[in-house]
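Asks: Pasting model-v8.pdb here (PDB, C-alpha atoms, pLDDT in the B column):
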ATOM      1  CA  MET A 378      17.549 -62.975  -8.250  1.00 44.00           C
ATOM      2  CA  ASN A 379      13.987 -62.366  -9.454  1.00 54.00           C
ATOM      3  CA  SER A 380      13.372 -62.548 -13.183  1.00 66.00           C
ATOM      4  CA  ILE A 381      11.543 -59.775 -15.014  1.00 74.00           C
ATOM      5  CA  PRO A 382       8.206 -60.920 -16.489  1.00 76.00           C
ATOM      6  CA  PRO A 383       7.814 -60.611 -20.268  1.00 79.00           C
ATOM      7  CA  SER A 384       6.029 -57.615 -21.731  1.00 83.00           C
ATOM      8  CA  ALA A 385       2.514 -57.885 -23.167  1.00 83.00           C
ATOM      9  CA  ARG A 386       4.002 -57.465 -26.631  1.00 89.00           C
ATOM     10  CA  ALA A 387       6.428 -60.346 -26.026  1.00 90.00           C
ATOM     11  CA  TYR A 388       3.505 -62.649 -25.194  1.00 89.00           C
ATOM     12  CA  GLU A 389       1.688 -61.515 -28.340  1.00 91.00           C
ATOM     13  CA  ARG A 390       4.728 -62.183 -30.528  1.00 92.00           C
ATOM     14  CA  LEU A 391       5.104 -65.676 -29.086  1.00 93.00           C
ATOM     15  CA  VAL A 392       1.485 -66.572 -29.820  1.00 93.00           C
ATOM     16  CA  GLN A 393       1.712 -65.106 -33.331  1.00 93.00           C
ATOM     17  CA  ARG A 394       4.856 -67.144 -33.987  1.00 93.00           C
ATOM     18  CA  LEU A 395       3.248 -70.396 -32.841  1.00 94.00           C
ATOM     19  CA  ALA A 396      -0.124 -69.658 -34.460  1.00 93.00           C
ATOM     20  CA  ASP A 397       1.445 -69.756 -37.910  1.00 93.00           C
ATOM     21  CA  ASP A 398       2.309 -73.379 -37.143  1.00 93.00           C
ATOM     22  CA  VAL A 399      -0.551 -74.824 -35.045  1.00 93.00           C
ATOM     23  CA  GLY A 400      -3.349 -72.217 -34.988  1.00 93.00           C
ATOM     24  CA  THR A 401      -4.123 -69.596 -32.363  1.00 92.00           C
ATOM     25  CA  ALA A 402      -5.986 -71.694 -29.755  1.00 93.00           C
ATOM     26  CA  THR A 403      -3.386 -74.448 -29.813  1.00 94.00           C
ATOM     27  CA  ALA A 404      -0.595 -71.844 -29.779  1.00 93.00           C
ATOM     28  CA  VAL A 405      -1.960 -70.391 -26.526  1.00 93.00           C
ATOM     29  CA  SER A 406      -2.245 -73.904 -25.120  1.00 95.00           C
ATOM     30  CA  TRP A 407       1.336 -74.834 -25.990  1.00 95.00           C
ATOM     31  CA  ALA A 408       2.673 -71.530 -24.703  1.00 93.00           C
ATOM     32  CA  HIS A 409       0.961 -71.660 -21.350  1.00 94.00           C
ATOM     33  CA  ALA A 410       1.154 -75.403 -20.684  1.00 95.00           C
ATOM     34  CA  THR A 411       4.894 -75.250 -21.311  1.00 94.00           C
ATOM     35  CA  ALA A 412       5.106 -72.500 -18.689  1.00 92.00           C
ATOM     36  CA  VAL A 413       3.214 -74.720 -16.227  1.00 94.00           C
ATOM     37  CA  THR A 414       5.637 -77.592 -16.808  1.00 94.00           C
ATOM     38  CA  HIS A 415       8.619 -75.307 -16.161  1.00 92.00           C
ATOM     39  CA  HIS A 416       6.920 -74.048 -13.007  1.00 92.00           C
ATOM     40  CA  CYS A 417       6.182 -77.479 -11.516  1.00 93.00           C
ATOM     41  CA  VAL A 418       9.654 -78.844 -12.336  1.00 92.00           C
ATOM     42  CA  ARG A 419      11.535 -75.847 -10.958  1.00 89.00           C
ATOM     43  CA  HIS A 420       9.574 -75.966  -7.720  1.00 91.00           C
ATOM     44  CA  GLY A 421       9.932 -79.728  -7.258  1.00 93.00           C
ATOM     45  CA  LEU A 422       6.205 -80.440  -7.584  1.00 96.00           C
ATOM     46  CA  VAL A 423       6.671 -83.459  -9.900  1.00 97.00           C
ATOM     47  CA  SER A 424       9.125 -86.356 -10.007  1.00 96.00           C
ATOM     48  CA  THR A 425      10.792 -84.988 -13.149  1.00 93.00           C
ATOM     49  CA  THR A 426      13.838 -82.939 -12.236  1.00 92.00           C
ATOM     50  CA  GLU A 427      14.772 -81.473 -15.628  1.00 91.00           C
ATOM     51  CA  PRO A 428      12.775 -78.786 -17.475  1.00 89.00           C
ATOM     52  CA  PRO A 429      11.141 -80.018 -20.698  1.00 93.00           C
ATOM     53  CA  THR A 430      13.473 -80.215 -23.660  1.00 93.00           C
ATOM     54  CA  SER A 431      10.918 -81.272 -26.290  1.00 95.00           C
ATOM     55  CA  PRO A 432       7.166 -81.301 -26.972  1.00 95.00           C
ATOM     56  CA  ASP A 433       7.057 -84.938 -25.847  1.00 96.00           C
ATOM     57  CA  ALA A 434       8.667 -83.942 -22.544  1.00 96.00           C
ATOM     58  CA  VAL A 435       5.963 -81.310 -22.019  1.00 96.00           C
ATOM     59  CA  ARG A 436       3.304 -83.949 -22.624  1.00 96.00           C
ATOM     60  CA  ARG A 437       4.943 -86.400 -20.214  1.00 97.00           C
ATOM     61  CA  ILE A 438       4.973 -83.800 -17.446  1.00 97.00           C
ATOM     62  CA  LEU A 439       1.348 -82.872 -18.148  1.00 97.00           C
ATOM     63  CA  ASP A 440       0.480 -86.564 -17.964  1.00 97.00           C
ATOM     64  CA  GLU A 441       2.149 -86.741 -14.549  1.00 97.00           C
ATOM     65  CA  LEU A 442       0.282 -83.631 -13.408  1.00 97.00           C
ATOM     66  CA  ALA A 443      -3.048 -85.083 -14.555  1.00 97.00           C
ATOM     67  CA  GLY A 444      -2.447 -88.212 -12.489  1.00 97.00           C
ATOM     68  CA  ALA A 445      -1.203 -86.410  -9.406  1.00 97.00           C
ATOM     69  CA  HIS A 446      -4.649 -85.329  -8.155  1.00 97.00           C
ATOM     70  CA  PRO A 447      -8.230 -85.668  -9.480  1.00 96.00           C
ATOM     71  CA  GLY A 448      -8.489 -81.887  -9.695  1.00 96.00           C
ATOM     72  CA  LEU A 449      -5.742 -81.852 -12.330  1.00 97.00           C
ATOM     73  CA  ALA A 450      -7.165 -84.505 -14.672  1.00 97.00           C
ATOM     74  CA  GLY A 451      -8.074 -81.777 -17.163  1.00 97.00           C
ATOM     75  CA  PHE A 452      -4.446 -81.536 -18.268  1.00 97.00           C
ATOM     76  CA  LEU A 453      -5.179 -84.665 -20.354  1.00 96.00           C
ATOM     77  CA  ASP A 454      -8.414 -83.294 -21.843  1.00 96.00           C
ATOM     78  CA  PRO A 455      -7.891 -82.003 -25.421  1.00 95.00           C
ATOM     79  CA  GLN A 456     -11.010 -79.847 -25.042  1.00 94.00           C
ATOM     80  CA  VAL A 457      -9.279 -78.001 -22.206  1.00 95.00           C
ATOM     81  CA  VAL A 458      -5.639 -78.309 -23.282  1.00 95.00           C
ATOM     82  CA  PRO A 459      -5.735 -78.592 -27.101  1.00 93.00           C
ATOM     83  CA  LEU A 460      -1.980 -79.044 -27.496  1.00 93.00           C
ATOM     84  CA  TRP A 461      -2.596 -82.831 -27.532  1.00 89.00           C
ATOM     85  CA  THR A 462      -3.870 -82.585 -31.112  1.00 85.00           C
ATOM     86  CA  SER A 463      -1.069 -80.584 -32.809  1.00 91.00           C
ATOM     87  CA  PRO A 464       2.652 -80.738 -31.962  1.00 92.00           C
ATOM     88  CA  PRO A 465       4.760 -77.683 -32.821  1.00 94.00           C
ATOM     89  CA  ASN A 466       7.477 -77.872 -35.446  1.00 94.00           C
ATOM     90  CA  THR A 467      11.145 -77.519 -34.561  1.00 95.00           C
ATOM     91  CA  ALA A 468      11.267 -73.759 -35.034  1.00 94.00           C
ATOM     92  CA  SER A 469       8.150 -73.223 -32.897  1.00 94.00           C
ATOM     93  CA  TRP A 470       9.516 -75.417 -30.126  1.00 94.00           C
ATOM     94  CA  THR A 471      12.799 -73.500 -30.185  1.00 94.00           C
ATOM     95  CA  ALA A 472      10.866 -70.244 -29.719  1.00 92.00           C
ATOM     96  CA  LEU A 473       8.963 -71.761 -26.786  1.00 91.00           C
ATOM     97  CA  ALA A 474      12.090 -73.143 -25.141  1.00 90.00           C
ATOM     98  CA  GLU A 475      13.911 -69.830 -25.421  1.00 89.00           C
ATOM     99  CA  PHE A 476      10.943 -67.855 -24.104  1.00 90.00           C
ATOM    100  CA  TRP A 477      10.375 -69.895 -20.927  1.00 87.00           C
ATOM    101  CA  GLY A 478      13.929 -71.076 -20.442  1.00 78.00           C
ATOM    102  CA  ALA A 479      14.971 -67.573 -19.416  1.00 68.00           C
ATOM    103  CA  GLY A 480      13.089 -67.965 -16.129  1.00 64.00           C
ATOM    104  CA  ALA A 481       9.920 -66.051 -16.927  1.00 61.00           C
ATOM    105  CA  ALA A 482       7.751 -68.848 -15.506  1.00 57.00           C
ATOM    106  CA  ILE A 483       9.261 -68.465 -12.038  1.00 63.00           C
ATOM    107  CA  ASP A 484       7.231 -66.369  -9.627  1.00 61.00           C
ATOM    108  CA  ASP A 485       8.532 -63.366  -7.713  1.00 60.00           C
ATOM    109  CA  GLY A 486      11.405 -65.212  -6.089  1.00 61.00           C
ATOM    110  CA  PRO A 487      12.306 -68.902  -5.755  1.00 57.00           C
ATOM    111  CA  HIS A 488      10.192 -69.395  -2.636  1.00 60.00           C
ATOM    112  CA  ARG A 489       6.907 -68.145  -4.091  1.00 73.00           C
ATOM    113  CA  VAL A 490       5.079 -71.108  -5.579  1.00 85.00           C
ATOM    114  CA  ASP A 491       1.499 -69.819  -5.898  1.00 86.00           C
ATOM    115  CA  GLY A 492       1.698 -69.339  -9.664  1.00 84.00           C
ATOM    116  CA  TYR A 493       0.856 -65.631  -9.637  1.00 85.00           C
ATOM    117  CA  ARG A 494       2.777 -65.006 -12.837  1.00 86.00           C
ATOM    118  CA  LEU A 495       1.184 -68.047 -14.442  1.00 89.00           C
ATOM    119  CA  GLY A 496      -2.213 -66.444 -13.911  1.00 88.00           C
ATOM    120  CA  ASP A 497      -1.080 -63.170 -15.436  1.00 88.00           C
ATOM    121  CA  ALA A 498       0.588 -65.021 -18.316  1.00 88.00           C
ATOM    122  CA  TYR A 499      -2.635 -66.731 -19.387  1.00 87.00           C
ATOM    123  CA  GLN A 500      -4.430 -63.394 -19.588  1.00 86.00           C
ATOM    124  CA  ALA A 501      -1.555 -61.955 -21.621  1.00 87.00           C
ATOM    125  CA  LEU A 502      -1.369 -64.946 -23.979  1.00 88.00           C
ATOM    126  CA  SER A 503      -5.078 -65.467 -24.693  1.00 84.00           C
ATOM    127  CA  HIS A 504      -6.830 -62.669 -26.542  1.00 81.00           C
ATOM    128  CA  ASP A 505      -9.917 -64.889 -26.748  1.00 76.00           C
ATOM    129  CA  ALA A 506     -10.048 -65.312 -22.963  1.00 73.00           C
ATOM    130  CA  ARG A 507      -9.841 -61.558 -22.508  1.00 73.00           C
ATOM    131  CA  ARG A 508     -12.424 -60.732 -25.196  1.00 71.00           C
ATOM    132  CA  SER A 509     -14.927 -63.622 -25.026  1.00 70.00           C
ATOM    133  CA  ARG A 510     -14.727 -64.609 -21.362  1.00 69.00           C
ATOM    134  CA  ALA A 511     -13.734 -61.263 -19.827  1.00 67.00           C
ATOM    135  CA  LEU A 512     -10.623 -62.650 -18.151  1.00 68.00           C
ATOM    136  CA  CYS A 513      -9.094 -59.828 -16.137  1.00 72.00           C
ATOM    137  CA  GLN A 514      -6.752 -60.463 -13.235  1.00 75.00           C
ATOM    138  CA  THR A 515      -7.600 -58.840  -9.896  1.00 77.00           C
ATOM    139  CA  PRO A 516      -4.755 -56.680  -8.538  1.00 80.00           C
ATOM    140  CA  PRO A 517      -3.444 -57.996  -5.177  1.00 81.00           C
ATOM    141  CA  TRP A 518      -4.472 -54.928  -3.181  1.00 83.00           C
ATOM    142  CA  ILE A 519      -8.064 -55.216  -4.408  1.00 87.00           C
ATOM    143  CA  ALA A 520      -8.180 -58.920  -3.553  1.00 86.00           C
ATOM    144  CA  GLU A 521      -6.897 -58.198  -0.039  1.00 88.00           C
ATOM    145  CA  LEU A 522      -9.427 -55.376   0.440  1.00 88.00           C
ATOM    146  CA  LEU A 523     -12.352 -57.540  -0.703  1.00 90.00           C
ATOM    147  CA  LEU A 524     -11.381 -60.306   1.703  1.00 90.00           C
ATOM    148  CA  GLU A 525     -10.828 -57.864   4.551  1.00 89.00           C
ATOM    149  CA  LEU A 526     -14.399 -56.610   4.075  1.00 90.00           C
ATOM    150  CA  SER A 527     -16.007 -60.036   3.622  1.00 92.00           C
ATOM    151  CA  LEU A 528     -14.100 -63.179   4.551  1.00 92.00           C
ATOM    152  CA  GLU A 529     -12.474 -61.841   7.703  1.00 91.00           C
ATOM    153  CA  PRO A 530     -15.673 -60.641   9.461  1.00 91.00           C
ATOM    154  CA  ALA A 531     -17.540 -63.755   8.312  1.00 93.00           C
ATOM    155  CA  THR A 532     -14.822 -65.966   9.801  1.00 92.00           C
ATOM    156  CA  ASP A 533     -14.961 -64.034  13.058  1.00 91.00           C
ATOM    157  CA  GLU A 534     -18.720 -64.647  13.171  1.00 92.00           C
ATOM    158  CA  VAL A 535     -19.008 -68.345  12.297  1.00 93.00           C
ATOM    159  CA  GLY A 536     -15.490 -69.630  12.913  1.00 91.00           C
ATOM    160  CA  PRO A 537     -12.734 -70.861  10.590  1.00 91.00           C
ATOM    161  CA  GLN A 538     -14.126 -74.400  10.352  1.00 92.00           C
ATOM    162  CA  ASN A 539     -17.540 -73.223   9.150  1.00 95.00           C
ATOM    163  CA  VAL A 540     -16.878 -70.225   6.928  1.00 95.00           C
ATOM    164  CA  ARG A 541     -17.166 -70.586   3.163  1.00 96.00           C
ATOM    165  CA  MET A 542     -16.380 -68.131   0.362  1.00 95.00           C
ATOM    166  CA  ILE A 543     -16.988 -68.172  -3.387  1.00 95.00           C
ATOM    167  CA  ASP A 544     -15.605 -66.110  -6.234  1.00 95.00           C
ATOM    168  CA  PRO A 545     -18.264 -66.395  -8.985  1.00 94.00           C
ATOM    169  CA  ALA A 546     -15.851 -65.262 -11.716  1.00 92.00           C
ATOM    170  CA  CYS A 547     -12.548 -66.496 -10.342  1.00 93.00           C
ATOM    171  CA  GLY A 548     -10.454 -66.547 -13.523  1.00 92.00           C
ATOM    172  CA  THR A 549      -7.085 -68.132 -12.789  1.00 92.00           C
ATOM    173  CA  GLY A 550      -7.536 -67.751  -9.042  1.00 93.00           C
ATOM    174  CA  HIS A 551      -5.879 -64.589  -7.724  1.00 92.00           C
ATOM    175  CA  ILE A 552      -8.629 -63.978  -5.146  1.00 94.00           C
ATOM    176  CA  LEU A 553      -8.875 -67.704  -4.377  1.00 95.00           C
ATOM    177  CA  LEU A 554      -5.184 -67.853  -3.499  1.00 94.00           C
ATOM    178  CA  SER A 555      -5.485 -64.804  -1.245  1.00 93.00           C
ATOM    179  CA  ALA A 556      -8.523 -66.379   0.440  1.00 95.00           C
ATOM    180  CA  PHE A 557      -6.662 -69.689   0.807  1.00 95.00           C
ATOM    181  CA  ARG A 558      -3.812 -67.957   2.633  1.00 93.00           C
ATOM    182  CA  ALA A 559      -6.208 -66.019   4.873  1.00 92.00           C
ATOM    183  CA  ALA A 560      -8.214 -69.137   5.758  1.00 93.00           C
ATOM    184  CA  ARG A 561      -5.121 -71.189   6.496  1.00 92.00           C
ATOM    185  CA  VAL A 562      -3.562 -68.749   8.978  1.00 88.00           C
ATOM    186  CA  TYR A 563      -6.776 -67.298  10.442  1.00 84.00           C
ATOM    187  CA  ARG A 564      -6.436 -65.122  13.533  1.00 75.00           C
ATOM    188  CA  ARG A 565      -9.434 -63.378  15.031  1.00 70.00           C
ATOM    189  CA  ARG A 566      -9.194 -59.637  14.468  1.00 62.00           C
ATOM    190  CA  GLY A 567      -8.186 -57.660  17.523  1.00 55.00           C
ATOM    191  CA  ARG A 568      -7.111 -60.808  19.373  1.00 55.00           C
ATOM    192  CA  GLY A 569      -3.878 -62.720  19.892  1.00 54.00           C
ATOM    193  CA  HIS A 570      -2.910 -65.899  18.097  1.00 57.00           C
ATOM    194  CA  GLY A 571      -5.646 -68.500  17.789  1.00 58.00           C
ATOM    195  CA  VAL A 572      -5.556 -72.175  18.619  1.00 61.00           C
ATOM    196  CA  PRO A 573      -2.499 -73.753  16.927  1.00 64.00           C
ATOM    197  CA  ILE A 574      -3.276 -76.074  14.015  1.00 80.00           C
ATOM    198  CA  ASP A 575      -0.814 -78.258  12.116  1.00 89.00           C
ATOM    199  CA  ALA A 576       0.042 -77.568   8.491  1.00 92.00           C
ATOM    200  CA  ARG A 577      -1.929 -80.443   6.939  1.00 95.00           C
ATOM    201  CA  ALA A 578      -5.073 -79.593   8.896  1.00 94.00           C
ATOM    202  CA  SER A 579      -4.754 -75.900   8.034  1.00 94.00           C
ATOM    203  CA  ILE A 580      -4.405 -76.682   4.316  1.00 96.00           C
ATOM    204  CA  GLU A 581      -7.441 -78.964   4.288  1.00 96.00           C
ATOM    205  CA  ARG A 582      -9.456 -76.354   6.183  1.00 95.00           C
ATOM    206  CA  ALA A 583      -8.465 -73.657   3.696  1.00 96.00           C
ATOM    207  CA  LEU A 584      -9.306 -75.856   0.688  1.00 97.00           C
ATOM    208  CA  ARG A 585     -12.761 -76.535   2.142  1.00 97.00           C
ATOM    209  CA  THR A 586     -13.279 -72.804   2.669  1.00 97.00           C
ATOM    210  CA  VAL A 587     -12.414 -71.656  -0.852  1.00 97.00           C
ATOM    211  CA  HIS A 588     -14.783 -72.050  -3.835  1.00 97.00           C
ATOM    212  CA  GLY A 589     -14.558 -70.634  -7.349  1.00 97.00           C
ATOM    213  CA  VAL A 590     -16.456 -70.683 -10.635  1.00 96.00           C
ATOM    214  CA  ASP A 591     -15.461 -69.489 -14.089  1.00 94.00           C
ATOM    215  CA  LEU A 592     -16.565 -69.809 -17.710  1.00 93.00           C
ATOM    216  CA  ASP A 593     -13.076 -70.634 -18.959  1.00 93.00           C
ATOM    217  CA  PRO A 594     -12.206 -74.327 -18.456  1.00 95.00           C
ATOM    218  CA  TYR A 595      -8.465 -73.736 -18.705  1.00 96.00           C
ATOM    219  CA  ALA A 596      -8.578 -70.858 -16.210  1.00 94.00           C
ATOM    220  CA  VAL A 597     -10.442 -73.211 -13.852  1.00 97.00           C
ATOM    221  CA  LEU A 598      -7.776 -75.884 -14.308  1.00 97.00           C
ATOM    222  CA  LEU A 599      -5.035 -73.345 -13.655  1.00 96.00           C
ATOM    223  CA  ALA A 600      -6.755 -72.109 -10.485  1.00 97.00           C
ATOM    224  CA  ARG A 601      -6.919 -75.703  -9.237  1.00 98.00           C
ATOM    225  CA  TYR A 602      -3.249 -76.207 -10.066  1.00 97.00           C
ATOM    226  CA  ARG A 603      -2.284 -73.046  -8.184  1.00 96.00           C
ATOM    227  CA  LEU A 604      -4.188 -74.096  -5.055  1.00 97.00           C
ATOM    228  CA  LEU A 605      -2.645 -77.562  -5.104  1.00 97.00           C
ATOM    229  CA  ALA A 606       0.855 -76.290  -5.944  1.00 96.00           C
ATOM    230  CA  THR A 607       0.690 -73.928  -2.985  1.00 96.00           C
ATOM    231  CA  SER A 608      -0.516 -76.764  -0.740  1.00 97.00           C
ATOM    232  CA  ALA A 609       2.303 -79.064  -1.843  1.00 96.00           C
ATOM    233  CA  SER A 610       4.925 -76.367  -1.374  1.00 94.00           C
ATOM    234  CA  ILE A 611       3.783 -75.722   2.206  1.00 95.00           C
ATOM    235  CA  LEU A 612       4.326 -79.419   2.937  1.00 95.00           C
ATOM    236  CA  ARG A 613       7.608 -79.410   0.981  1.00 94.00           C
ATOM    237  CA  GLY A 614       6.423 -82.279  -1.189  1.00 96.00           C
ATOM    238  CA  ARG A 615       5.160 -83.173  -4.653  1.00 97.00           C
ATOM    239  CA  LEU A 616       1.639 -82.832  -5.977  1.00 97.00           C
ATOM    240  CA  ASP A 617       1.156 -86.609  -6.087  1.00 97.00           C
ATOM    241  CA  GLN A 618       1.798 -86.756  -2.335  1.00 97.00           C
ATOM    242  CA  LEU A 619      -1.308 -84.709  -1.542  1.00 97.00           C
ATOM    243  CA  PRO A 620      -4.357 -86.715  -0.404  1.00 96.00           C
ATOM    244  CA  HIS A 621      -6.793 -87.226  -3.266  1.00 96.00           C
ATOM    245  CA  SER A 622      -9.592 -86.630  -0.774  1.00 95.00           C
ATOM    246  CA  TRP A 623      -8.576 -83.002  -0.324  1.00 95.00           C
ATOM    247  CA  PRO A 624     -11.174 -80.896  -2.155  1.00 91.00           C
ATOM    248  CA  VAL A 625     -10.330 -78.412  -4.894  1.00 96.00           C
ATOM    249  CA  GLN A 626     -13.661 -76.686  -5.318  1.00 97.00           C
ATOM    250  CA  VAL A 627     -13.268 -74.719  -8.545  1.00 98.00           C
ATOM    251  CA  ALA A 628     -15.901 -75.444 -11.206  1.00 97.00           C
ATOM    252  CA  CYS A 629     -16.386 -74.502 -14.855  1.00 95.00           C
ATOM    253  CA  ALA A 630     -19.832 -72.907 -15.191  1.00 94.00           C
ATOM    254  CA  ASN A 631     -21.639 -69.597 -15.703  1.00 91.00           C
ATOM    255  CA  SER A 632     -22.527 -68.413 -12.218  1.00 87.00           C
ATOM    256  CA  LEU A 633     -23.583 -64.965 -13.442  1.00 79.00           C
ATOM    257  CA  LEU A 634     -26.731 -66.044 -15.330  1.00 78.00           C
TER     258      LEU A 634
END
Could you quickly redo this structure as C-alpha cells?
Replies:
Amino acid sequence: MNSIPPSARAYERLVQRLADDVGTATAVSWAHATAVTHHCVRHGLVSTTEPPTSPDAVRRILDELAGAHPGLAGFLDPQVVPLWTSPPNTASWTALAEFWGAGAAIDDGPHRVDGYRLGDAYQALSHDARRSRALCQTPPWIAELLLELSLEPATDEVGPQNVRMIDPACGTGHILLSAFRAARVYRRRGRGHGVPIDARASIERALRTVHGVDLDPYAVLLARYRLLATSASILRGRLDQLPHSWPVQVACANSLL
C-alpha cells in the first residue's frame, strides 16, 4: 500500500521542532538526510538492512553512501550536509524517527526507487532553498513535455550514443530523472523497437546523456543520489556495486550568469 506524503505544514513543524535544538540549517539537514537513509535501506541500496535507530546510525549509513560512489562523497562534507557538526537531542531524534518511520520516505509504491518524494521533501523542508536559491520542483507532465519537444527530436537526429542534454537549474533532479529514463529506453519516434541493448550499457549511456547544474550543493548531491539509486535498482543491486567509472554529471555552479 502506498503511503500518503506529509503535508507542507507537517514538514514545517518538523523543522521548527528540530531548529530549537540544532538551528534551522542543521535541522533541515538532519530531517532530509534521515529520509535518505530510510530510503536507501528500504530499497536495499546499502549493506545495512535495518532503518536507522539513532543519530549515529544515520551517520554510519551516510558514511556508507559517501563511499559507495565518487558522486556521493558529499554526504561526508559538513559544508553540504551540516548534520555532522550538531547531533540532535533525544526528543528531537524521537520526532525524526516518528516522522520518517511511518513510511513517508518511500516513493509511490515499493518498486519506485527514483526518489521523487525525496526531491519534493527537500523543497518542503528548506525555506532557504525555496527563497534564496529558487528551488521549485518541476511537475512530471511539464518535464515530459519539455523532453518530448527537445531531447526526443535531438536523439532522433544525432542518435542515442551522441545526444547530450543539460538542465541548467536542475534542483533535486526531476527533469534529469525523466531524461535518464528516456535516454535509457530510447526508441525512434514513429518506428518500431530499436536495436536491443543490455541493462548495464543502457544505464551508462543514459548517465552520459544527462547533465545538470544547480546553485544548491545539497540539491546537486540529492540529484546524483537519485540517478545512482535508480541505476542500482535497475540492476537489482547496491550502490557500491555500481562502477565508479560511471559518470554522474551534476555540478554545483551558477549556470544562469
Asks: Please write the residues picked by the PyMOL selection byres ((chain A and resi 615-626) around 8) on this file as a VMD selection string.
Replies: chain A and resid 421 to 424 442 444 to 448 581 584 to 585 587 to 589 601 604 to 606 609 to 610 613 to 614 627 to 628
Asks: Please write as a ChimeraX atom specification the full residue list that the PyMOL selection byres ((chain A and resi 457) around 9) yields on this file.
Replies: /A:406,451-456,458-459,593-595,598
Asks: Quick one: residues within 9 Å of Ser555 (chain A), only C-alpha atoms counted, chain neighbours fewer than 5 positions away excluded, as a PyMOL selection string?
Replies: chain A and resi 517+520-521+524+550+560
Asks: Just to be explicit: take each residue in the selection above, keep C-alpha atoms, and write the result as a PDB file, in the coordinates of the input.
Replies:
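Heads up, here's the output in out.pdb:
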ATOM      1  CA  PRO A 517      -3.444 -57.996  -5.177  1.00 81.00           C
ATOM      2  CA  ALA A 520      -8.180 -58.920  -3.553  1.00 86.00           C
ATOM      3  CA  GLU A 521      -6.897 -58.198  -0.039  1.00 88.00           C
ATOM      4  CA  LEU A 524     -11.381 -60.306   1.703  1.00 90.00           C
ATOM      5  CA  GLY A 550      -7.536 -67.751  -9.042  1.00 93.00           C
ATOM      6  CA  ALA A 560      -8.214 -69.137   5.758  1.00 93.00           C
TER       7      ALA A 560
END
Asks: Pick out the closest residue to Pro530 (chain A) from this set: A:Met542, A:Ala443, A:Ala468, A:Leu460. Count all atoms listed in the file.
Replies: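 For Pro530 (chain A), the nearest of the candidates is A:Met542.
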Asks: So that I can check the surroundings of Trp407 (chain A), please list as a list in words every protein, DNA and RNA residue that reaches within 9 Å of it, counting only C-alpha atoms and ignoring chain neighbours fewer than 4 positions away.
Replies: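 My reading of the contact set: Leu395, Ala402, Thr403, Thr411, Ala412, Pro432, Val435, Val458, Pro459, Leu460, Pro464, Pro465 and Leu473 of chain A.
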Asks: With C-alpha atoms retained, could you export that selection as a tab-separated table (two decimals), in the frame of the given file?
Replies:
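Output below, filename out35.tsv:
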chain	number	residue	atom	x	y	z
A	395	LEU	CA	3.25	-70.40	-32.84
A	402	ALA	CA	-5.99	-71.69	-29.76
A	403	THR	CA	-3.39	-74.45	-29.81
A	411	THR	CA	4.89	-75.25	-21.31
A	412	ALA	CA	5.11	-72.50	-18.69
A	432	PRO	CA	7.17	-81.30	-26.97
A	435	VAL	CA	5.96	-81.31	-22.02
A	458	VAL	CA	-5.64	-78.31	-23.28
A	459	PRO	CA	-5.74	-78.59	-27.10
A	460	LEU	CA	-1.98	-79.04	-27.50
A	464	PRO	CA	2.65	-80.74	-31.96
A	465	PRO	CA	4.76	-77.68	-32.82
A	473	LEU	CA	8.96	-71.76	-26.79
Asks: Counting all atoms listed in the file, find residues at most 9 Å from (-12.1, -74.6, 5.6) (file frame) and give them as a PyMOL selection string.
Replies: chain A and resi 537-541+557+560-561+579-587
Asks: Quick one: residues within 12 Å of Ala498 (chain A), only C-alpha atoms, excluding same-chain residues fewer than 2 positions away - as a VMD selection string?
Replies: chain A and resid 382 to 389 391 to 392 405 to 406 408 to 413 477 481 to 484 492 to 496 500 to 504 506 to 507 512 to 514 549 596 599
Asks: Those same residues - C-alpha atoms - I'd like them written as a short mmCIF file (atom, residue, chain, number, x, y, z; two decimals), in the frame of the given file.
Replies:
data_model
loop_
_atom_site.label_atom_id
_atom_site.label_comp_id
_atom_site.auth_asym_id
_atom_site.auth_seq_id
_atom_site.Cartn_x
_atom_site.Cartn_y
_atom_site.Cartn_z
CA PRO A 382 8.21 -60.92 -16.49
CA PRO A 383 7.81 -60.61 -20.27
CA SER A 384 6.03 -57.62 -21.73
CA ALA A 385 2.51 -57.88 -23.17
CA ARG A 386 4.00 -57.46 -26.63
CA ALA A 387 6.43 -60.35 -26.03
CA TYR A 388 3.50 -62.65 -25.19
CA GLU A 389 1.69 -61.52 -28.34
CA LEU A 391 5.10 -65.68 -29.09
CA VAL A 392 1.48 -66.57 -29.82
CA VAL A 405 -1.96 -70.39 -26.53
CA SER A 406 -2.24 -73.90 -25.12
CA ALA A 408 2.67 -71.53 -24.70
CA HIS A 409 0.96 -71.66 -21.35
CA ALA A 410 1.15 -75.40 -20.68
CA THR A 411 4.89 -75.25 -21.31
CA ALA A 412 5.11 -72.50 -18.69
CA VAL A 413 3.21 -74.72 -16.23
CA TRP A 477 10.38 -69.90 -20.93
CA ALA A 481 9.92 -66.05 -16.93
CA ALA A 482 7.75 -68.85 -15.51
CA ILE A 483 9.26 -68.46 -12.04
CA ASP A 484 7.23 -66.37 -9.63
CA GLY A 492 1.70 -69.34 -9.66
CA TYR A 493 0.86 -65.63 -9.64
CA ARG A 494 2.78 -65.01 -12.84
CA LEU A 495 1.18 -68.05 -14.44
CA GLY A 496 -2.21 -66.44 -13.91
CA GLN A 500 -4.43 -63.39 -19.59
CA ALA A 501 -1.56 -61.96 -21.62
CA LEU A 502 -1.37 -64.95 -23.98
CA SER A 503 -5.08 -65.47 -24.69
CA HIS A 504 -6.83 -62.67 -26.54
CA ALA A 506 -10.05 -65.31 -22.96
CA ARG A 507 -9.84 -61.56 -22.51
CA LEU A 512 -10.62 -62.65 -18.15
CA CYS A 513 -9.09 -59.83 -16.14
CA GLN A 514 -6.75 -60.46 -13.24
CA THR A 549 -7.08 -68.13 -12.79
CA ALA A 596 -8.58 -70.86 -16.21
CA LEU A 599 -5.04 -73.34 -13.66
#
Asks: Take the point (11.5, -80.5, -24.8) in the file's coordinates, draw a sphere of radius 12 Å around it, and report as an NGL selection string every protein, DNA or RNA residue with an atom inside or on it, counting only C-alpha atoms.
Replies: :A and (407 or 411-412 or 414-415 or 427-438 or 464-467 or 469-475 or 477-478)
Asks: If you measure from CA of Cys417 (chain A) to CA of Asp440 (chain A), what distance in Å do you get, rounded to one decimal?
Replies: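 A separation of 12.5 Å between them.
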Asks: Using CA of Ile519 (chain A) and CA of His416 (chain A) as the two end points, give the distance in Å to one decimal.
Replies: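 Going from CA of Ile519 (chain A) over to CA of His416 (chain A), I get 25.6 Å.
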